[in-house]
Amino acid sequence: MPSKPRDPQAERAPWPISLGALLAVLFINFPIFIIFLYAFTTDEQTFTFPLPGMTLKWFGVAWGREDLWAALGLSVRVAGIATLVALLLGTLAAAAVSRTKFFGREAISFMLLLPIALPGIVTGIALRSAFGLFDIPFSFWTIVIGHATFCVVIVYNNVVARFRRTSWSIVEASMDLGANGWETFKRIILPHIATALLAGGMLAFALSFDEVIVTTFTAGQESTLPIWIFSQLTRPRDRPVTNVVALFVVLIMAIPILLAYRISQRDGETQLSR
């Protein structure tokens, strides 16, 4: 009888590779572990090891900070609106680039990717200069515009990849059977790109929620949660509270990133099975 083929993913990696992967994980995540650890310290001002004591009082202090809740609410609103704008513009751009041919298409594709490739400080300076040129006062909406510039890239990358893997013959068949443009989009195109939109939207929300550099140049007097955390670093007695907030930000942001990863992975397995 023929032997059952071995699953390459089921084979154990050689110990040097496993050790290297473990060291990489520790190197990347050790600073986050320090933040988690010192969210429970009894020492208000210094980082001493071992910890002089463990306490949960800083969680209660953080809960009662009204400025913290205001910054959190602002970050959620900005990230939500920036994500919606990115879903709309990123999907339209992906459809235009992947399904049509026109002069300058490659240049436009490159320009769409540029905001995420440029250093954040360059994007921030460019946006600040543009707002100043048109006498646009800094406000909630300037933050949204700044975040949408790079969130569009995230959605565009996900959707354009899905469009390139989708057979356009099913769209042509829908039109041949009498469906109009809206019905074809609702019944054929949208189900095919739904998971790409969901994953792109989650990643865009997470990226917008923890953005600091672009926000610094576009916020004016507004304070998002990352800006609030950054400002607390100059207040030594607030370090444990800052660590508590950072802990929750890491945990909350891990959820959409993990879901987006799982959706993309599952969708990739479905495409391969077809």
# chains A, B, ... in the order shown; residues from 1 in each chain; ligands from 1
>>> residues_around(residues="stretch 88-98 of chain A", least_positions_apart="2", cutoff="6 Å", atoms="only C-alpha atoms", output="MDAnalysis selection string")
chainID A and resid 85:86 100 152 155:156 160
>>> write_last_selection(atoms="N, CA and C atoms", output="CSV table (one decimal), in the first residue's frame")
chain,number,residue,atom,x,y,z
A,85,VAL,N,-13.7,55.7,6.1
A,85,VAL,CA,-13.2,56.4,4.9
A,85,VAL,C,-12.2,55.5,4.1
A,86,ALA,N,-11.4,54.8,4.8
A,86,ALA,CA,-10.4,53.9,4.2
A,86,ALA,C,-11.1,52.8,3.5
A,100,THR,N,-9.3,47.6,-14.3
A,100,THR,CA,-9.3,48.5,-15.5
A,100,THR,C,-7.9,48.8,-15.9
A,152,VAL,N,-6.1,54.0,4.2
A,152,VAL,CA,-6.5,53.6,2.9
A,152,VAL,C,-5.5,52.6,2.3
A,155,VAL,N,-6.4,49.0,3.6
A,155,VAL,CA,-7.6,48.4,2.9
A,155,VAL,C,-7.3,48.1,1.5
A,156,TYR,N,-6.6,49.0,0.8
A,156,TYR,CA,-6.3,48.8,-0.6
A,156,TYR,C,-5.5,47.6,-0.8
A,160,VAL,N,-7.2,44.7,-3.2
A,160,VAL,CA,-6.6,44.6,-4.5
A,160,VAL,C,-6.1,43.1,-4.7
>>> residues_around(residues="A:Pro226", least_positions_apart="4", cutoff="12 Å", atoms="only C-alpha atoms", output="PyMOL selection string")
chain A and resi 68+71-76+206-216+219+222+230-233+242+245-246+249-250
>>> closest_residue(among="A:Asn157, A:Thr149, A:Thr195, A:Thr83", to="A:Thr123", atoms="only C-alpha atoms")
A:Thr149
>>> residues_around(residues="A:Ala196", least_positions_apart="2", cutoff="10 Å", atoms="only C-alpha atoms", output="VMD selection string")
chain A and resid 91 155 to 163 190 to 194 198 to 202 260 263 to 264 267
>>> write_last_selection(atoms="C-alpha atoms", output="CSV table (one decimal), in the first residue's frame")
chain,number,residue,atom,x,y,z
A,91,THR,CA,-12.1,49.6,-2.2
A,155,VAL,CA,-7.6,48.4,2.9
A,156,TYR,CA,-6.3,48.8,-0.6
A,157,ASN,CA,-3.6,46.2,-0.2
A,158,ASN,CA,-6.1,43.6,1.1
A,159,VAL,CA,-8.8,44.3,-1.4
A,160,VAL,CA,-6.6,44.6,-4.5
A,161,ALA,CA,-5.1,41.2,-3.7
A,162,ARG,CA,-8.6,39.7,-3.4
A,163,PHE,CA,-9.6,41.3,-6.7
A,190,LEU,CA,-19.2,42.0,-2.0
A,191,PRO,CA,-19.3,38.3,-0.8
A,192,HIS,CA,-16.0,37.7,-2.5
A,193,ILE,CA,-14.2,40.7,-0.9
A,194,ALA,CA,-16.0,40.6,2.4
A,198,LEU,CA,-13.1,42.9,7.4
A,199,ALA,CA,-9.4,42.1,7.8
A,200,GLY,CA,-8.3,45.4,6.2
A,201,GLY,CA,-10.8,47.3,8.4
A,202,MET,CA,-9.5,45.7,11.6
A,260,ALA,CA,-7.5,39.9,11.0
A,263,ILE,CA,-9.4,35.7,8.7
A,264,SER,CA,-6.6,36.2,6.2
A,267,ASP,CA,-9.3,32.7,3.6
>>> atom_distance(atom1="atom CA of A:Leu225", atom2="atom CA of A:Ile143")
12.7 Å
>>> residues_around(residues="stretch 54-67 of chain A", least_positions_apart="5", cutoff="7 Å", atoms="only C-alpha atoms", output="list in words")
Phe40, Thr41, Thr42, Pro240, Val241 and Val244 of chain A
>>> write_last_selection(atoms="C-alpha atoms", output="PDB file, in the first residue's frame")
ATOM      1  CA  PHE A  40       1.432  46.191  39.443  1.00  0.00           C
ATOM      2  CA  THR A  41       4.338  47.813  41.288  1.00  0.00           C
ATOM      3  CA  THR A  42       3.894  49.659  44.583  1.00  0.00           C
ATOM      4  CA  PRO A 240       2.281  53.072  37.031  1.00  0.00           C
ATOM      5  CA  VAL A 241      -0.990  54.496  35.678  1.00  0.00           C
ATOM      6  CA  VAL A 244      -1.794  50.151  33.259  1.00  0.00           C
TER       7      VAL A 244
END
>>> select_by_dssp(residues="stretch 11-207 of chain A", states="helix (DSSP H, G or I)", output="short mmCIF file (atom, residue, chain, number, x, y, z; two decimals) with C-alpha atoms, in the first residue's frame")
data_model
loop_
_atom_site.label_atom_id
_atom_site.label_comp_id
_atom_site.auth_asym_id
_atom_site.auth_seq_id
_atom_site.Cartn_x
_atom_site.Cartn_y
_atom_site.Cartn_z
CA TRP A 15 16.41 22.78 17.54
CA PRO A 16 18.60 25.69 16.29
CA ILE A 17 15.65 27.06 14.32
CA SER A 18 13.29 26.60 17.26
CA LEU A 19 15.79 28.31 19.56
CA GLY A 20 16.22 31.19 17.12
CA ALA A 21 12.46 31.65 16.87
CA LEU A 22 12.16 31.65 20.68
CA LEU A 23 14.92 34.24 21.04
CA ALA A 24 13.28 36.45 18.40
CA VAL A 25 9.94 36.29 20.23
CA LEU A 26 11.60 37.14 23.55
CA PHE A 27 13.60 40.00 22.02
CA ILE A 28 10.48 41.56 20.49
CA ASN A 29 8.13 41.09 23.44
CA PHE A 30 10.40 41.59 26.45
CA PRO A 31 9.73 45.38 26.65
CA ILE A 32 5.99 44.67 26.63
CA PHE A 33 6.48 42.21 29.50
CA ILE A 34 8.25 44.97 31.48
CA ILE A 35 5.23 47.25 30.99
CA PHE A 36 2.90 44.51 32.19
CA LEU A 37 5.09 43.80 35.23
CA TYR A 38 5.39 47.40 36.40
CA LYS A 57 -4.52 50.21 43.11
CA TRP A 58 -3.24 51.73 39.86
CA PHE A 59 -6.08 50.08 37.95
CA GLY A 60 -8.55 51.96 40.14
CA VAL A 61 -6.63 55.20 39.70
CA ALA A 62 -6.66 54.78 35.91
CA TRP A 63 -10.39 54.02 35.95
CA GLU A 66 -11.56 61.58 33.26
CA ASP A 67 -8.80 62.84 30.94
CA LEU A 68 -7.97 59.23 30.13
CA TRP A 69 -11.58 58.43 29.16
CA ALA A 70 -11.77 61.57 27.02
CA ALA A 71 -8.59 60.58 25.17
CA LEU A 72 -9.87 57.01 24.73
CA GLY A 73 -13.19 58.22 23.33
CA LEU A 74 -11.42 60.53 20.88
CA SER A 75 -9.15 57.71 19.68
CA VAL A 76 -12.09 55.37 19.12
CA ARG A 77 -14.04 58.01 17.16
CA VAL A 78 -11.05 58.96 15.02
CA ALA A 79 -10.14 55.34 14.30
CA GLY A 80 -13.74 54.44 13.48
CA ILE A 81 -14.29 57.28 10.99
CA ALA A 82 -10.81 56.91 9.46
CA THR A 83 -11.51 53.21 8.95
CA LEU A 84 -14.85 53.88 7.24
CA VAL A 85 -13.20 56.41 4.91
CA ALA A 86 -10.42 53.93 4.19
CA LEU A 87 -12.89 51.13 3.42
CA LEU A 88 -14.69 53.31 0.89
CA LEU A 89 -11.68 54.89 -0.83
CA GLY A 90 -9.45 51.82 -0.58
CA THR A 91 -12.10 49.57 -2.16
CA LEU A 92 -12.79 52.00 -5.01
CA ALA A 93 -9.07 52.43 -5.68
CA ALA A 94 -8.49 48.67 -5.62
CA ALA A 95 -11.37 48.10 -8.07
CA ALA A 96 -10.02 50.76 -10.45
CA VAL A 97 -6.42 49.52 -10.37
CA SER A 98 -7.14 45.78 -10.57
CA ARG A 99 -10.06 45.69 -13.02
CA ARG A 105 -2.19 52.97 -13.59
CA GLU A 106 1.15 51.76 -12.23
CA ALA A 107 2.05 55.26 -11.09
CA ILE A 108 -1.27 55.57 -9.26
CA SER A 109 -0.73 52.17 -7.65
CA PHE A 110 2.67 53.34 -6.43
CA MET A 111 1.26 56.62 -5.11
CA LEU A 112 -1.42 54.72 -3.17
CA LEU A 113 1.28 52.74 -1.37
CA LEU A 114 3.53 55.73 -0.71
CA PRO A 115 1.93 57.02 2.55
CA ILE A 116 2.64 53.76 4.39
CA ALA A 117 6.20 53.58 3.04
CA GLY A 120 5.55 59.08 9.71
CA ILE A 121 7.29 62.37 10.39
CA VAL A 122 7.41 63.13 6.66
CA THR A 123 3.71 62.42 6.29
CA GLY A 124 2.97 64.52 9.36
CA ILE A 125 4.96 67.51 8.10
CA ALA A 126 3.34 67.25 4.67
CA LEU A 127 -0.16 67.18 6.17
CA ARG A 128 0.59 70.07 8.52
CA SER A 129 1.94 72.14 5.62
CA ALA A 130 -1.13 71.35 3.51
CA PHE A 131 -3.52 72.33 6.32
CA GLY A 132 -1.59 75.54 6.84
CA LEU A 133 -1.61 76.35 3.13
CA PHE A 140 -10.88 66.35 15.19
CA TRP A 141 -11.28 66.24 11.40
CA THR A 142 -7.65 67.01 10.63
CA ILE A 143 -6.71 63.98 12.73
CA VAL A 144 -9.20 61.86 10.79
CA ILE A 145 -7.80 63.05 7.46
CA GLY A 146 -4.25 62.34 8.60
CA HIS A 147 -5.11 58.82 9.75
CA ALA A 148 -7.17 58.05 6.66
CA THR A 149 -4.14 58.70 4.43
CA PHE A 150 -2.37 55.58 5.66
CA CYS A 151 -5.46 53.53 6.55
CA VAL A 152 -6.48 53.63 2.87
CA VAL A 153 -3.27 51.77 2.05
CA ILE A 154 -4.11 48.91 4.41
CA VAL A 155 -7.56 48.39 2.93
CA TYR A 156 -6.28 48.85 -0.63
CA ASN A 157 -3.61 46.15 -0.20
CA ASN A 158 -6.12 43.62 1.12
CA VAL A 159 -8.84 44.31 -1.44
CA VAL A 160 -6.59 44.57 -4.50
CA ALA A 161 -5.06 41.19 -3.66
CA ARG A 162 -8.55 39.69 -3.43
CA PHE A 163 -9.65 41.25 -6.73
CA ARG A 164 -6.62 39.75 -8.46
CA ARG A 165 -7.59 36.28 -7.21
CA SER A 169 -16.15 35.79 -15.47
CA ILE A 170 -18.67 35.46 -12.63
CA VAL A 171 -19.30 39.20 -12.79
CA GLU A 172 -19.78 39.01 -16.56
CA ALA A 173 -22.16 36.07 -16.08
CA SER A 174 -24.18 38.09 -13.57
CA MET A 175 -24.50 40.99 -15.99
CA ASP A 176 -25.44 38.61 -18.83
CA GLY A 181 -24.42 47.04 -11.38
CA TRP A 182 -25.72 47.31 -7.81
CA GLU A 183 -27.14 43.78 -7.75
CA THR A 184 -23.89 42.39 -9.15
CA PHE A 185 -21.89 44.21 -6.51
CA LYS A 186 -24.20 43.11 -3.68
CA ARG A 187 -24.58 39.45 -4.69
CA ILE A 188 -21.28 38.67 -6.42
CA ILE A 189 -18.47 41.12 -5.69
CA LEU A 190 -19.19 41.97 -2.04
CA PRO A 191 -19.32 38.33 -0.81
CA HIS A 192 -15.97 37.70 -2.52
CA ILE A 193 -14.22 40.67 -0.93
CA ALA A 194 -16.04 40.64 2.43
CA THR A 195 -13.27 38.91 4.39
CA ALA A 196 -10.63 41.15 2.80
CA LEU A 197 -12.65 44.21 3.83
CA LEU A 198 -13.07 42.86 7.35
CA ALA A 199 -9.37 42.08 7.78
CA GLY A 200 -8.32 45.38 6.21
CA GLY A 201 -10.77 47.32 8.35
CA MET A 202 -9.55 45.70 11.56
CA LEU A 203 -5.91 46.39 10.73
CA ALA A 204 -6.71 49.96 9.72
CA PHE A 205 -8.58 50.55 12.99
CA ALA A 206 -5.67 49.17 15.04
CA LEU A 207 -3.14 51.24 13.10
#
>>> decode(residues="stretch 109-157 of chain A", atoms="N, CA and C atoms", output="PDB file, in the first residue's frame")
ATOM      1  N   SER A 109      -0.896  53.259  -8.609  1.00  0.00           N
ATOM      2  CA  SER A 109      -0.732  52.169  -7.647  1.00  0.00           C
ATOM      3  C   SER A 109       0.432  52.453  -6.703  1.00  0.00           C
ATOM      4  N   PHE A 110       1.522  52.985  -7.264  1.00  0.00           N
ATOM      5  CA  PHE A 110       2.674  53.336  -6.433  1.00  0.00           C
ATOM      6  C   PHE A 110       2.332  54.473  -5.468  1.00  0.00           C
ATOM      7  N   MET A 111       1.618  55.477  -5.952  1.00  0.00           N
ATOM      8  CA  MET A 111       1.261  56.615  -5.106  1.00  0.00           C
ATOM      9  C   MET A 111       0.331  56.201  -3.975  1.00  0.00           C
ATOM     10  N   LEU A 112      -0.519  55.195  -4.226  1.00  0.00           N
ATOM     11  CA  LEU A 112      -1.417  54.719  -3.175  1.00  0.00           C
ATOM     12  C   LEU A 112      -0.650  54.048  -2.041  1.00  0.00           C
ATOM     13  N   LEU A 113       0.480  53.430  -2.370  1.00  0.00           N
ATOM     14  CA  LEU A 113       1.279  52.743  -1.366  1.00  0.00           C
ATOM     15  C   LEU A 113       2.272  53.659  -0.658  1.00  0.00           C
ATOM     16  N   LEU A 114       2.496  54.836  -1.216  1.00  0.00           N
ATOM     17  CA  LEU A 114       3.533  55.730  -0.706  1.00  0.00           C
ATOM     18  C   LEU A 114       3.314  56.168   0.742  1.00  0.00           C
ATOM     19  N   PRO A 115       2.089  56.533   1.170  1.00  0.00           N
ATOM     20  CA  PRO A 115       1.929  57.017   2.553  1.00  0.00           C
ATOM     21  C   PRO A 115       2.386  56.032   3.620  1.00  0.00           C
ATOM     22  N   ILE A 116       2.236  54.729   3.379  1.00  0.00           N
ATOM     23  CA  ILE A 116       2.635  53.759   4.387  1.00  0.00           C
ATOM     24  C   ILE A 116       4.131  53.491   4.329  1.00  0.00           C
ATOM     25  N   ALA A 117       4.763  53.809   3.185  1.00  0.00           N
ATOM     26  CA  ALA A 117       6.200  53.583   3.037  1.00  0.00           C
ATOM     27  C   ALA A 117       7.020  54.754   3.571  1.00  0.00           C
ATOM     28  N   LEU A 118       6.471  55.958   3.504  1.00  0.00           N
ATOM     29  CA  LEU A 118       7.194  57.134   3.981  1.00  0.00           C
ATOM     30  C   LEU A 118       7.279  57.138   5.508  1.00  0.00           C
ATOM     31  N   PRO A 119       8.342  57.709   6.062  1.00  0.00           N
ATOM     32  CA  PRO A 119       8.391  57.872   7.526  1.00  0.00           C
ATOM     33  C   PRO A 119       7.217  58.709   8.008  1.00  0.00           C
ATOM     34  N   GLY A 120       6.706  58.366   9.177  1.00  0.00           N
ATOM     35  CA  GLY A 120       5.550  59.077   9.706  1.00  0.00           C
ATOM     36  C   GLY A 120       5.789  60.561   9.867  1.00  0.00           C
ATOM     37  N   ILE A 121       7.010  60.951  10.192  1.00  0.00           N
ATOM     38  CA  ILE A 121       7.294  62.369  10.394  1.00  0.00           C
ATOM     39  C   ILE A 121       7.193  63.139   9.082  1.00  0.00           C
ATOM     40  N   VAL A 122       7.544  62.487   7.967  1.00  0.00           N
ATOM     41  CA  VAL A 122       7.413  63.134   6.656  1.00  0.00           C
ATOM     42  C   VAL A 122       5.942  63.333   6.312  1.00  0.00           C
ATOM     43  N   THR A 123       5.153  62.301   6.533  1.00  0.00           N
ATOM     44  CA  THR A 123       3.712  62.421   6.294  1.00  0.00           C
ATOM     45  C   THR A 123       3.097  63.493   7.187  1.00  0.00           C
ATOM     46  N   GLY A 124       3.501  63.530   8.438  1.00  0.00           N
ATOM     47  CA  GLY A 124       2.970  64.525   9.360  1.00  0.00           C
ATOM     48  C   GLY A 124       3.312  65.947   8.952  1.00  0.00           C
ATOM     49  N   ILE A 125       4.555  66.173   8.546  1.00  0.00           N
ATOM     50  CA  ILE A 125       4.962  67.510   8.105  1.00  0.00           C
ATOM     51  C   ILE A 125       4.211  67.903   6.842  1.00  0.00           C
ATOM     52  N   ALA A 126       4.061  66.961   5.922  1.00  0.00           N
ATOM     53  CA  ALA A 126       3.341  67.250   4.672  1.00  0.00           C
ATOM     54  C   ALA A 126       1.888  67.625   4.958  1.00  0.00           C
ATOM     55  N   LEU A 127       1.233  66.882   5.832  1.00  0.00           N
ATOM     56  CA  LEU A 127      -0.162  67.185   6.170  1.00  0.00           C
ATOM     57  C   LEU A 127      -0.280  68.534   6.879  1.00  0.00           C
ATOM     58  N   ARG A 128       0.631  68.801   7.791  1.00  0.00           N
ATOM     59  CA  ARG A 128       0.590  70.075   8.517  1.00  0.00           C
ATOM     60  C   ARG A 128       0.791  71.247   7.559  1.00  0.00           C
ATOM     61  N   SER A 129       1.698  71.081   6.604  1.00  0.00           N
ATOM     62  CA  SER A 129       1.937  72.137   5.620  1.00  0.00           C
ATOM     63  C   SER A 129       0.705  72.348   4.741  1.00  0.00           C
ATOM     64  N   ALA A 130       0.060  71.243   4.356  1.00  0.00           N
ATOM     65  CA  ALA A 130      -1.133  71.350   3.515  1.00  0.00           C
ATOM     66  C   ALA A 130      -2.271  72.035   4.262  1.00  0.00           C
ATOM     67  N   PHE A 131      -2.465  71.673   5.526  1.00  0.00           N
ATOM     68  CA  PHE A 131      -3.518  72.326   6.316  1.00  0.00           C
ATOM     69  C   PHE A 131      -3.225  73.813   6.500  1.00  0.00           C
ATOM     70  N   GLY A 132      -1.950  74.138   6.705  1.00  0.00           N
ATOM     71  CA  GLY A 132      -1.593  75.541   6.845  1.00  0.00           C
ATOM     72  C   GLY A 132      -1.770  76.316   5.560  1.00  0.00           C
ATOM     73  N   LEU A 133      -1.471  75.683   4.422  1.00  0.00           N
ATOM     74  CA  LEU A 133      -1.606  76.352   3.129  1.00  0.00           C
ATOM     75  C   LEU A 133      -3.051  76.738   2.848  1.00  0.00           C
ATOM     76  N   PHE A 134      -3.982  75.873   3.230  1.00  0.00           N
ATOM     77  CA  PHE A 134      -5.403  76.134   2.980  1.00  0.00           C
ATOM     78  C   PHE A 134      -6.120  76.718   4.208  1.00  0.00           C
ATOM     79  N   ASP A 135      -5.344  77.139   5.200  1.00  0.00           N
ATOM     80  CA  ASP A 135      -5.906  77.758   6.414  1.00  0.00           C
ATOM     81  C   ASP A 135      -6.964  76.880   7.077  1.00  0.00           C
ATOM     82  N   ILE A 136      -6.694  75.587   7.142  1.00  0.00           N
ATOM     83  CA  ILE A 136      -7.603  74.651   7.803  1.00  0.00           C
ATOM     84  C   ILE A 136      -7.203  74.540   9.271  1.00  0.00           C
ATOM     85  N   PRO A 137      -8.076  74.910  10.206  1.00  0.00           N
ATOM     86  CA  PRO A 137      -7.711  74.835  11.627  1.00  0.00           C
ATOM     87  C   PRO A 137      -7.597  73.381  12.083  1.00  0.00           C
ATOM     88  N   PHE A 138      -6.667  73.149  12.988  1.00  0.00           N
ATOM     89  CA  PHE A 138      -6.471  71.798  13.499  1.00  0.00           C
ATOM     90  C   PHE A 138      -7.634  71.427  14.418  1.00  0.00           C
ATOM     91  N   SER A 139      -8.164  70.232  14.201  1.00  0.00           N
ATOM     92  CA  SER A 139      -9.340  69.793  14.939  1.00  0.00           C
ATOM     93  C   SER A 139      -9.448  68.281  14.851  1.00  0.00           C
ATOM     94  N   PHE A 140     -10.570  67.787  15.292  1.00  0.00           N
ATOM     95  CA  PHE A 140     -10.878  66.352  15.188  1.00  0.00           C
ATOM     96  C   PHE A 140     -10.763  65.866  13.750  1.00  0.00           C
ATOM     97  N   TRP A 141     -11.234  66.678  12.791  1.00  0.00           N
ATOM     98  CA  TRP A 141     -11.283  66.242  11.400  1.00  0.00           C
ATOM     99  C   TRP A 141      -9.911  66.229  10.748  1.00  0.00           C
ATOM    100  N   THR A 142      -9.004  67.078  11.190  1.00  0.00           N
ATOM    101  CA  THR A 142      -7.651  67.009  10.632  1.00  0.00           C
ATOM    102  C   THR A 142      -6.946  65.729  11.073  1.00  0.00           C
ATOM    103  N   ILE A 143      -7.257  65.269  12.287  1.00  0.00           N
ATOM    104  CA  ILE A 143      -6.707  63.981  12.730  1.00  0.00           C
ATOM    105  C   ILE A 143      -7.263  62.852  11.871  1.00  0.00           C
ATOM    106  N   VAL A 144      -8.570  62.892  11.613  1.00  0.00           N
ATOM    107  CA  VAL A 144      -9.203  61.858  10.793  1.00  0.00           C
ATOM    108  C   VAL A 144      -8.583  61.823   9.401  1.00  0.00           C
ATOM    109  N   ILE A 145      -8.400  62.990   8.798  1.00  0.00           N
ATOM    110  CA  ILE A 145      -7.800  63.052   7.456  1.00  0.00           C
ATOM    111  C   ILE A 145      -6.388  62.480   7.484  1.00  0.00           C
ATOM    112  N   GLY A 146      -5.613  62.856   8.499  1.00  0.00           N
ATOM    113  CA  GLY A 146      -4.254  62.342   8.602  1.00  0.00           C
ATOM    114  C   GLY A 146      -4.211  60.834   8.735  1.00  0.00           C
ATOM    115  N   HIS A 147      -5.095  60.272   9.561  1.00  0.00           N
ATOM    116  CA  HIS A 147      -5.112  58.816   9.750  1.00  0.00           C
ATOM    117  C   HIS A 147      -5.639  58.099   8.517  1.00  0.00           C
ATOM    118  N   ALA A 148      -6.598  58.698   7.841  1.00  0.00           N
ATOM    119  CA  ALA A 148      -7.168  58.049   6.659  1.00  0.00           C
ATOM    120  C   ALA A 148      -6.137  57.899   5.547  1.00  0.00           C
ATOM    121  N   THR A 149      -5.134  58.777   5.506  1.00  0.00           N
ATOM    122  CA  THR A 149      -4.143  58.701   4.426  1.00  0.00           C
ATOM    123  C   THR A 149      -3.383  57.383   4.438  1.00  0.00           C
ATOM    124  N   PHE A 150      -3.078  56.863   5.632  1.00  0.00           N
ATOM    125  CA  PHE A 150      -2.367  55.577   5.662  1.00  0.00           C
ATOM    126  C   PHE A 150      -3.310  54.394   5.872  1.00  0.00           C
ATOM    127  N   CYS A 151      -4.497  54.629   6.418  1.00  0.00           N
ATOM    128  CA  CYS A 151      -5.462  53.533   6.553  1.00  0.00           C
ATOM    129  C   CYS A 151      -5.965  53.067   5.185  1.00  0.00           C
ATOM    130  N   VAL A 152      -6.065  53.994   4.233  1.00  0.00           N
ATOM    131  CA  VAL A 152      -6.483  53.633   2.871  1.00  0.00           C
ATOM    132  C   VAL A 152      -5.540  52.585   2.297  1.00  0.00           C
ATOM    133  N   VAL A 153      -4.253  52.711   2.586  1.00  0.00           N
ATOM    134  CA  VAL A 153      -3.266  51.774   2.049  1.00  0.00           C
ATOM    135  C   VAL A 153      -3.531  50.363   2.552  1.00  0.00           C
ATOM    136  N   ILE A 154      -3.867  50.225   3.831  1.00  0.00           N
ATOM    137  CA  ILE A 154      -4.108  48.908   4.415  1.00  0.00           C
ATOM    138  C   ILE A 154      -5.284  48.227   3.728  1.00  0.00           C
ATOM    139  N   VAL A 155      -6.379  48.957   3.577  1.00  0.00           N
ATOM    140  CA  VAL A 155      -7.562  48.394   2.928  1.00  0.00           C
ATOM    141  C   VAL A 155      -7.269  48.100   1.463  1.00  0.00           C
ATOM    142  N   TYR A 156      -6.603  49.021   0.790  1.00  0.00           N
ATOM    143  CA  TYR A 156      -6.278  48.849  -0.625  1.00  0.00           C
ATOM    144  C   TYR A 156      -5.466  47.574  -0.848  1.00  0.00           C
ATOM    145  N   ASN A 157      -4.452  47.343  -0.036  1.00  0.00           N
ATOM    146  CA  ASN A 157      -3.613  46.153  -0.201  1.00  0.00           C
ATOM    147  C   ASN A 157      -4.420  44.871  -0.069  1.00  0.00           C
TER     148      ASN A 157
END
